file input-v3.txt (compact mmCIF, C-alpha atoms and all ligand atoms)
# COMPACT_ATOMS: atom_id res chain seq x y z
CA MET S 1 23.51 197.62 112.38
CA ARG S 2 25.73 199.72 114.62
CA GLY S 3 27.94 197.61 116.86
CA ALA S 4 27.45 194.45 114.82
CA VAL S 5 29.94 192.79 112.53
CA SER S 6 29.13 191.46 109.11
CA THR S 7 31.42 188.62 108.11
CA ALA S 8 30.45 188.77 104.48
CA GLY S 9 33.29 188.90 101.97
CA GLY S 10 35.48 186.13 103.35
CA GLY S 11 35.11 186.90 107.03
CA VAL S 12 36.11 190.57 106.79
CA PRO S 13 34.34 192.64 109.44
CA ASN S 14 32.71 195.88 108.33
CA GLY S 15 30.12 198.40 109.46
CA MET S 16 31.64 198.60 112.93
CA VAL S 17 32.61 201.91 114.50
CA PHE S 18 35.94 201.23 116.20
CA THR S 19 38.00 203.54 118.36
CA GLU S 20 41.07 204.70 116.45
CA ARG S 21 43.43 202.20 118.07
CA PHE S 22 40.91 199.39 117.93
CA ALA S 23 40.58 199.96 114.19
CA ARG S 24 44.30 199.29 113.72
CA LEU S 25 43.57 195.64 114.47
CA VAL S 26 41.41 195.33 111.36
CA PRO S 27 44.28 194.71 108.89
CA ALA S 28 45.40 191.79 111.05
CA VAL S 29 41.89 190.35 110.91
CA LYS S 30 41.73 190.87 107.15
CA ALA S 31 45.02 189.03 106.69
CA ALA S 32 43.83 186.00 108.65
CA PRO S 33 42.21 182.90 107.04
CA PRO S 34 38.38 183.29 106.87
CA ALA S 35 37.58 180.96 109.80
CA LEU S 36 40.17 182.63 112.02
CA ALA S 37 38.99 186.07 110.87
CA ARG S 38 35.41 185.26 111.92
CA SER S 39 36.65 184.10 115.32
CA LEU S 40 38.83 187.20 115.75
CA ALA S 41 35.96 189.47 114.71
CA ARG S 42 33.65 187.87 117.30
CA THR S 43 36.32 188.30 119.98
CA LEU S 44 36.99 191.91 119.07
CA THR S 45 33.33 192.89 119.09
CA SER S 46 32.64 191.09 122.37
CA PHE S 47 34.75 193.76 124.17
CA PRO S 48 32.52 196.33 125.90
CA ARG S 49 33.10 199.45 123.80
CA SER S 50 32.85 201.80 126.76
CA SER S 51 35.69 200.05 128.62
CA LEU S 52 37.82 200.04 125.46
CA ALA S 53 37.22 203.74 124.94
CA SER S 54 38.03 204.56 128.56
CA SER S 55 41.31 202.63 128.43
CA PHE S 56 42.45 204.81 125.52
CA THR S 57 41.07 208.10 126.79
CA PRO S 58 43.62 210.24 128.61
CA SER S 59 42.65 211.01 132.18
CA LEU S 60 42.50 214.73 132.90
CA THR S 61 43.25 214.10 136.57
CA ALA S 62 46.36 211.92 135.99
CA GLU S 63 49.38 212.70 138.19
CA PRO S 64 53.05 211.95 137.54
CA GLY S 65 53.97 208.49 138.83
CA ARG S 66 56.21 207.86 141.83
CA LEU S 67 59.26 207.28 139.64
CA LEU S 68 58.86 210.55 137.77
CA SER S 69 58.15 212.42 141.00
CA SER S 70 61.39 211.04 142.52
CA MET S 71 63.36 212.17 139.47
CA ALA S 72 61.77 215.62 139.65
CA ALA S 73 62.67 215.80 143.37
CA LEU S 74 66.28 215.02 142.46
CA GLU S 75 66.35 217.90 139.97
CA SER S 76 65.43 220.39 142.68
CA SER S 77 67.36 218.90 145.61
CA THR S 78 70.15 221.23 146.75
CA ARG S 79 71.79 218.72 149.09
CA ALA S 80 74.87 218.09 146.97
CA ASP S 81 75.10 221.55 145.41
CA ALA S 82 78.33 222.34 147.27
CA LEU S 83 80.02 219.64 145.19
CA LEU S 84 78.93 220.95 141.80
CA GLY S 85 81.33 223.88 141.49
CA PRO S 86 84.52 222.08 142.63
CA LEU S 87 83.72 219.04 140.45
CA ARG S 88 83.07 221.27 137.45
CA GLN S 89 86.38 223.07 138.06
CA ALA S 90 88.18 219.73 138.32
CA VAL S 91 86.78 218.67 134.93
CA HIS S 92 87.80 222.04 133.45
CA THR S 93 91.45 221.42 134.38
CA VAL S 94 91.43 219.01 131.42
CA PRO S 95 92.52 220.91 128.26
CA SER S 96 89.60 221.97 126.08
CA GLU S 97 90.95 220.01 123.06
CA THR S 98 90.85 216.82 125.12
CA ARG S 99 87.38 217.66 126.40
CA ASP S 100 86.23 218.16 122.80
CA VAL S 101 87.37 214.61 122.05
CA LEU S 102 85.50 213.38 125.12
CA HIS S 103 82.36 215.32 124.16
CA GLY S 104 82.41 213.58 120.77
CA ARG S 105 82.80 216.64 118.51
CA TRP S 106 84.78 214.43 116.12
CA LEU S 107 81.81 212.04 116.02
CA GLY S 108 79.14 214.66 115.41
CA HIS S 109 77.20 213.67 118.53
CA PRO S 110 78.01 212.87 122.14
CA ALA S 111 80.43 209.95 122.57
CA HIS S 112 79.09 209.02 126.01
CA PRO S 113 75.86 207.25 124.91
CA ALA S 114 77.80 205.26 122.31
CA LEU S 115 80.44 204.08 124.80
CA VAL S 116 77.86 203.14 127.42
CA HIS S 117 77.05 200.05 125.36
CA VAL S 118 80.41 198.47 126.16
CA PRO S 119 80.08 198.08 129.95
CA LEU S 120 76.29 197.65 129.82
CA GLY S 121 76.42 195.01 127.08
CA ALA S 122 79.27 193.14 128.76
CA TRP S 123 77.63 193.14 132.18
CA ILE S 124 74.17 192.13 130.94
CA SER S 125 75.77 189.28 128.96
CA ALA S 126 77.75 188.24 132.06
CA ALA S 127 74.52 188.16 134.08
CA VAL S 128 72.98 185.76 131.53
CA LEU S 129 76.08 183.53 131.36
CA ASP S 130 76.21 183.38 135.15
CA LEU S 131 72.93 181.50 135.05
CA PHE S 132 74.64 178.55 133.37
CA PRO S 133 77.51 176.61 135.03
CA GLY S 134 79.32 176.27 131.68
CA GLY S 135 79.31 180.02 131.06
CA ARG S 136 80.79 181.33 134.29
CA LYS S 137 84.40 181.57 133.11
CA SER S 138 83.27 183.66 130.13
CA ALA S 139 81.11 185.72 132.48
CA GLY S 140 84.24 186.66 134.45
CA THR S 141 85.93 187.80 131.23
CA LEU S 142 82.89 189.95 130.39
CA VAL S 143 82.89 191.51 133.86
CA ALA S 144 86.54 192.50 133.27
CA LEU S 145 85.69 193.84 129.79
CA GLY S 146 82.88 195.92 131.27
CA LEU S 147 85.24 197.38 133.88
CA ALA S 148 87.75 198.33 131.17
CA GLY S 149 84.96 199.93 129.11
CA ALA S 150 83.66 201.86 132.11
CA VAL S 151 86.80 204.02 132.26
CA PRO S 152 86.41 205.93 128.94
CA THR S 153 82.64 205.90 129.40
CA ALA S 154 82.96 207.69 132.74
CA ALA S 155 85.49 210.17 131.29
CA THR S 156 83.09 211.18 128.50
CA GLY S 157 80.21 211.40 130.96
CA TRP S 158 82.10 213.76 133.29
CA ALA S 159 83.13 215.98 130.37
CA ASP S 160 79.46 216.35 129.33
CA TRP S 161 78.27 216.74 132.92
CA ALA S 162 80.48 219.78 133.52
CA GLU S 163 78.57 221.80 130.87
CA LEU S 164 75.04 221.11 132.12
CA ARG S 165 72.54 223.31 133.92
CA LYS S 166 72.18 222.89 137.69
CA PRO S 167 69.06 220.64 137.73
CA GLN S 168 70.68 218.43 135.11
CA MET S 169 73.95 218.35 137.09
CA ARG S 170 72.08 217.21 140.21
CA VAL S 171 70.52 214.26 138.38
CA GLY S 172 73.86 213.62 136.66
CA LEU S 173 75.64 213.42 139.99
CA VAL S 174 73.31 210.68 141.23
CA HIS S 175 73.66 208.97 137.83
CA ALA S 176 77.45 209.00 138.33
CA ALA S 177 77.14 207.80 141.94
CA ALA S 178 74.98 204.83 140.89
CA ASN S 179 77.42 203.92 138.14
CA SER S 180 80.41 204.29 140.48
CA LEU S 181 78.70 201.93 142.89
CA ALA S 182 78.19 199.51 139.99
CA VAL S 183 81.90 199.70 139.09
CA THR S 184 82.86 199.03 142.73
CA LEU S 185 80.54 196.03 142.91
CA TYR S 186 81.79 194.62 139.62
CA ALA S 187 85.43 195.11 140.70
CA ALA S 188 84.64 193.19 143.89
CA SER S 189 82.83 190.58 141.78
CA LEU S 190 85.88 190.11 139.55
CA SER S 191 88.16 189.88 142.57
CA ALA S 192 85.92 187.22 144.16
CA ARG S 193 85.81 185.21 140.92
CA LEU S 194 89.61 185.32 140.60
CA ARG S 195 89.90 183.99 144.14
CA GLY S 196 87.60 181.10 143.29
CA ARG S 197 84.61 182.46 145.23
CA GLY S 198 82.18 182.10 142.36
CA LEU S 199 78.93 182.38 144.28
CA ARG S 200 80.00 185.63 145.92
CA GLY S 201 81.27 186.89 142.57
CA ARG S 202 77.93 186.19 140.91
CA GLY S 203 75.99 187.82 143.74
CA LEU S 204 78.13 190.96 143.55
CA GLY S 205 77.68 190.96 139.78
CA TYR S 206 73.89 190.95 140.07
CA ALA S 207 74.08 193.76 142.65
CA GLY S 208 76.26 195.69 140.20
CA LEU S 209 73.70 195.13 137.46
CA ALA S 210 70.97 196.59 139.68
CA ALA S 211 73.13 199.67 140.39
CA VAL S 212 74.04 200.25 136.73
CA SER S 213 70.38 199.84 135.75
CA LEU S 214 69.44 202.64 138.14
CA GLY S 215 72.27 204.72 136.67
CA GLY S 216 70.95 203.97 133.18
CA ALA S 217 67.42 205.04 134.10
CA LEU S 218 68.76 208.35 135.41
CA GLY S 219 70.84 208.76 132.24
CA GLY S 220 67.71 208.23 130.17
CA HIS S 221 65.88 210.85 132.24
CA LEU S 222 68.77 213.27 131.65
CA SER S 223 68.66 212.81 127.89
CA TYR S 224 65.01 212.35 127.10
CA ARG S 225 63.31 214.42 129.79
CA LEU S 226 65.92 217.08 130.56
CA ALA S 227 67.37 217.27 127.02
CA ALA S 228 70.98 217.07 128.18
CA SER S 229 73.52 216.57 125.37
CA VAL S 230 70.95 216.67 122.58
CA ASN S 231 71.05 219.03 119.59
CA HIS S 232 69.02 222.09 120.59
CA ALA S 233 68.97 223.64 117.11
CA GLU S 234 68.11 220.72 114.85
CA GLU S 235 64.56 221.80 114.04
CA VAL S 236 65.34 225.43 113.18
CA THR S 237 65.58 225.13 109.40
CA ALA S 238 62.38 223.07 109.36
CA VAL S 239 60.46 225.63 111.44
CA VAL S 240 61.38 228.62 109.26
CA THR S 241 59.21 228.60 106.14
CA PRO S 242 61.07 228.14 102.83
CA GLY S 243 61.77 231.21 100.73
CA TRP S 244 63.42 234.57 101.32
CA HIS S 245 62.64 236.57 104.47
CA PRO S 246 63.64 240.26 104.85
CA VAL S 247 65.46 240.93 108.13
CA GLY S 248 66.30 244.64 107.75
CA ASP S 249 68.16 247.22 105.70
CA LEU S 250 71.86 246.61 105.19
CA GLY S 251 72.54 249.79 107.16
CA ASP S 252 70.84 248.23 110.22
CA PHE S 253 73.74 245.81 110.53
CA PRO S 254 76.97 247.43 111.72
CA LEU S 255 80.09 245.80 110.29
CA GLY S 256 81.33 242.91 112.47
CA CYS S 257 78.58 243.20 115.10
CA PRO S 258 76.26 240.32 116.03
CA VAL S 259 72.61 241.33 115.58
CA ARG S 260 69.55 239.31 116.60
CA ARG S 261 66.55 239.12 114.29
CA VAL S 262 63.45 236.94 114.47
CA VAL S 263 62.02 235.07 111.49
CA ASP S 264 58.90 232.92 111.91
CA ASP S 265 59.34 233.20 115.72
CA GLU S 266 62.85 231.74 115.35
CA PRO S 267 65.74 233.93 116.56
CA LEU S 268 68.62 234.29 114.11
CA LEU S 269 72.13 235.72 114.46
CA ILE S 270 72.94 238.09 111.61
CA VAL S 271 76.52 239.32 111.06
CA ARG S 272 77.59 241.71 108.31
CA VAL S 273 81.19 241.23 107.25
CA ALA S 274 83.48 242.88 104.67
CA ASN S 275 82.28 243.62 101.13
CA ASP S 276 78.66 243.85 102.31
CA ARG S 277 78.48 240.11 102.77
CA VAL S 278 76.09 238.88 105.45
CA HIS S 279 76.06 235.62 107.43
CA ALA S 280 73.04 234.20 109.24
CA LEU S 281 72.95 231.36 111.77
CA ALA S 282 70.30 230.02 114.13
CA ASP S 283 70.71 232.07 117.30
CA ARG S 284 70.00 229.28 119.82
CA CYS S 285 73.23 227.33 120.29
CA SER S 286 73.02 223.67 119.32
CA HIS S 287 74.67 222.76 122.62
CA MET S 288 72.21 224.15 125.19
CA SER S 289 70.33 226.99 123.46
CA GLY S 290 72.74 229.78 124.48
CA PRO S 291 72.11 233.08 122.59
CA LEU S 292 74.89 233.36 120.00
CA SER S 293 73.92 237.00 119.27
CA GLU S 294 75.24 237.81 122.77
CA GLY S 295 78.53 236.05 122.04
CA GLU S 296 81.88 237.40 120.86
CA LEU S 297 83.05 237.34 117.25
CA GLU S 298 86.49 235.74 116.88
CA GLY S 299 87.79 236.12 113.35
CA SER S 300 85.32 234.34 111.10
CA CYS S 301 83.59 232.59 114.02
CA VAL S 302 81.21 233.38 116.88
CA ARG S 303 81.79 232.08 120.40
CA CYS S 304 78.73 231.07 122.46
CA PRO S 305 78.52 233.11 125.67
CA TRP S 306 77.39 230.16 127.80
CA HIS S 307 79.98 227.39 127.42
CA GLY S 308 82.27 228.72 124.71
CA SER S 309 81.41 226.62 121.64
CA LEU S 310 82.89 228.19 118.52
CA PHE S 311 80.87 228.24 115.28
CA ARG S 312 82.05 229.29 111.81
CA LEU S 313 79.83 232.12 110.56
CA SER S 314 79.89 231.06 106.92
CA ASP S 315 78.39 227.60 107.41
CA GLY S 316 77.76 227.06 111.14
CA TRP S 317 80.45 224.39 111.53
CA ASN S 318 81.30 223.77 115.19
CA VAL S 319 85.01 224.54 115.17
CA GLY S 320 85.17 224.14 118.97
CA GLY S 321 83.03 222.30 121.57
CA PRO S 322 81.34 221.44 123.77
CA ALA S 323 78.73 221.56 120.97
CA THR S 324 78.92 218.35 118.99
CA ALA S 325 76.47 219.50 116.30
CA PRO S 326 76.98 222.39 113.87
CA GLN S 327 74.75 225.43 113.95
CA PRO S 328 72.03 225.66 111.26
CA ALA S 329 73.16 228.25 108.69
CA PHE S 330 70.96 230.29 106.35
CA GLU S 331 71.54 231.53 102.82
CA THR S 332 71.66 235.33 102.60
CA ARG S 333 71.40 237.99 99.90
CA VAL S 334 71.09 241.76 99.72
CA SER S 335 68.23 242.76 97.46
CA GLY S 336 67.57 246.46 96.87
CA GLY S 337 69.50 247.32 100.04
CA VAL S 338 67.46 244.86 102.12
CA VAL S 339 69.08 241.83 103.76
CA GLU S 340 67.15 238.62 103.15
CA VAL S 341 67.68 235.13 104.54
CA ARG S 342 66.28 231.73 103.75
CA PRO S 343 66.84 228.20 105.08
CA ARG S 344 69.59 226.37 103.23
CA ARG S 345 68.02 224.19 100.63
CA THR S 346 68.46 220.45 100.90
CA SER S 347 69.57 218.30 97.97
CA GLU S 348 65.87 217.38 97.57
CA ASP S 349 64.93 221.06 97.26
CA LEU S 350 67.68 221.63 94.70
CA ALA S 351 66.62 218.60 92.66
CA ALA S 352 63.03 219.89 92.65
CA GLY S 353 64.27 223.27 91.38
S1 LIG I 1 74.93 226.78 125.10
FE1 LIG I 1 76.69 225.67 125.67
S2 LIG I 1 78.14 226.27 124.23
FE2 LIG I 1 76.39 227.30 123.66
call {"tool": "encode", "arguments": {"input": "input-v3.txt", "output": "structure tokens"}}
result
Amino acid sequence: MRGAVSTAGGGVPNGMVFTERFARLVPAVKAAPPALARSLARTLTSFPRSSLASSFTPSLTAEPGRLLSSMAALESSTRADALLGPLRQAVHTVPSETRDVLHGRWLGHPAHPALVHVPLGAWISAAVLDLFPGGRKSAGTLVALGLAGAVPTAATGWADWAELRKPQMRVGLVHAAANSLAVTLYAASLSARLRGRGLRGRGLGYAGLAAVSLGGALGGHLSYRLAASVNHAEEVTAVVTPGWHPVGDLGDFPLGCPVRRVVDDEPLLIVRVANDRVHALADRCSHMSGPLSEGELEGSCVRCPWHGSLFRLSDGWNVGGPATAPQPAFETRVSGGVVEVRPRRTSEDLAAG
């Protein structure tokens, strides 16, 4: 009978039409002892199905929440735009080699998110220890550790910030302001603790934690919503179907000139070099999707026209930042005068022949 539960077979419910998510509970019921399973089954089926369905059905009239709306307002607010240019110039006075270190090119992904754990971890731990009289001395040490860790964390953040688009920079500026406020509060907290004013020190510490939490939320919005500092080319070789794709006659590619071709809706940079050899890279820069086919060739590399990342043509390696990820490279061949490309095969592909 529809809507009923048979408990035959050791209390295992069957014959019930569940919503997709509701059905995921069935394995848990199956794993339970028979008596418990019968009880769980009765509980599950006593839910009104219409209310269950409505709680899992997306509302077509849903609006962004207040938090998301505030973040979106920040992205379009021009109030602090006068600061963006001078701050960017100030960051660019740092030599590009040093900025590459700060971006995390040596690490293969941005260094900023990794370093953030030091101040955040230290300050959250300090907040917990502050709850216990015996832990307050250690809490002071952690506040100091967090302040020390905030210095390189801020340096990496500013280096990344200076290569963002305007809406991202606006959010990033408020992110930096919230974190600067947190550093100020924690410095005051440490000073109060050292002067024996523990209560004030703890209060300032909790205020600092609130500020750094706001900064963290904005940092998350920057990364996950606005795609700042993520690899913008990672999916390319997965999107292009395996196998060889013709991209034009060899004569269509002038020697040493970047040419854009599209394969499976994915733009590629094709460069013919000496001895009729051809290189092919994903055209959208891994840093922020800049069009490499509009960039300059420098020796055996191509320089992105947007922020100057340098990629080796032969294999896509990011010789210079701010890109922290290499550029997807394609295998090429000339067959009967036609240039063909295909995604580089993984070790799995090679093993499968
Ligand atoms: S888009 Fe920034 S370096 Fe290419």
call {"tool": "residues_near_ligand", "arguments": {"input": "input-v3.txt", "ligand": "ligand LIG 1 (chain I)", "cutoff": "6 Å", "atoms": "all atoms listed in the file", "output": "VMD selection string"}}
result
chain S and resid 285 287 to 290 304 306 to 309 322 to 323
call {"tool": "atom_distance", "arguments": {"input": "input-v3.txt", "atom1": "CA of Phe253 in chain S", "atom2": "CA of Ile270 in chain S"}}
result
7.8 Å
call {"tool": "atom_distance", "arguments": {"input": "input-v3.txt", "atom1": "CA of Ala159 in chain S", "atom2": "CA of Ala111 in chain S"}}
result
10.2 Å
call {"tool": "axis_aligned_box", "arguments": {"input": "input-v3.txt", "around": "range 105-112 of chain S", "padding_each_side": "8 Å", "output": "lines of an AutoDock Vina configuration file"}}
result
center_x = 81.0
center_y = 212.8
center_z = 120.7
size_x = 23.6
size_y = 23.6
size_z = 26.6
call {"tool": "atom_distance", "arguments": {"input": "input-v3.txt", "atom1": "CA of Arg344 in chain S", "atom2": "CA of Ala228 in chain S"}}
result
26.7 Å
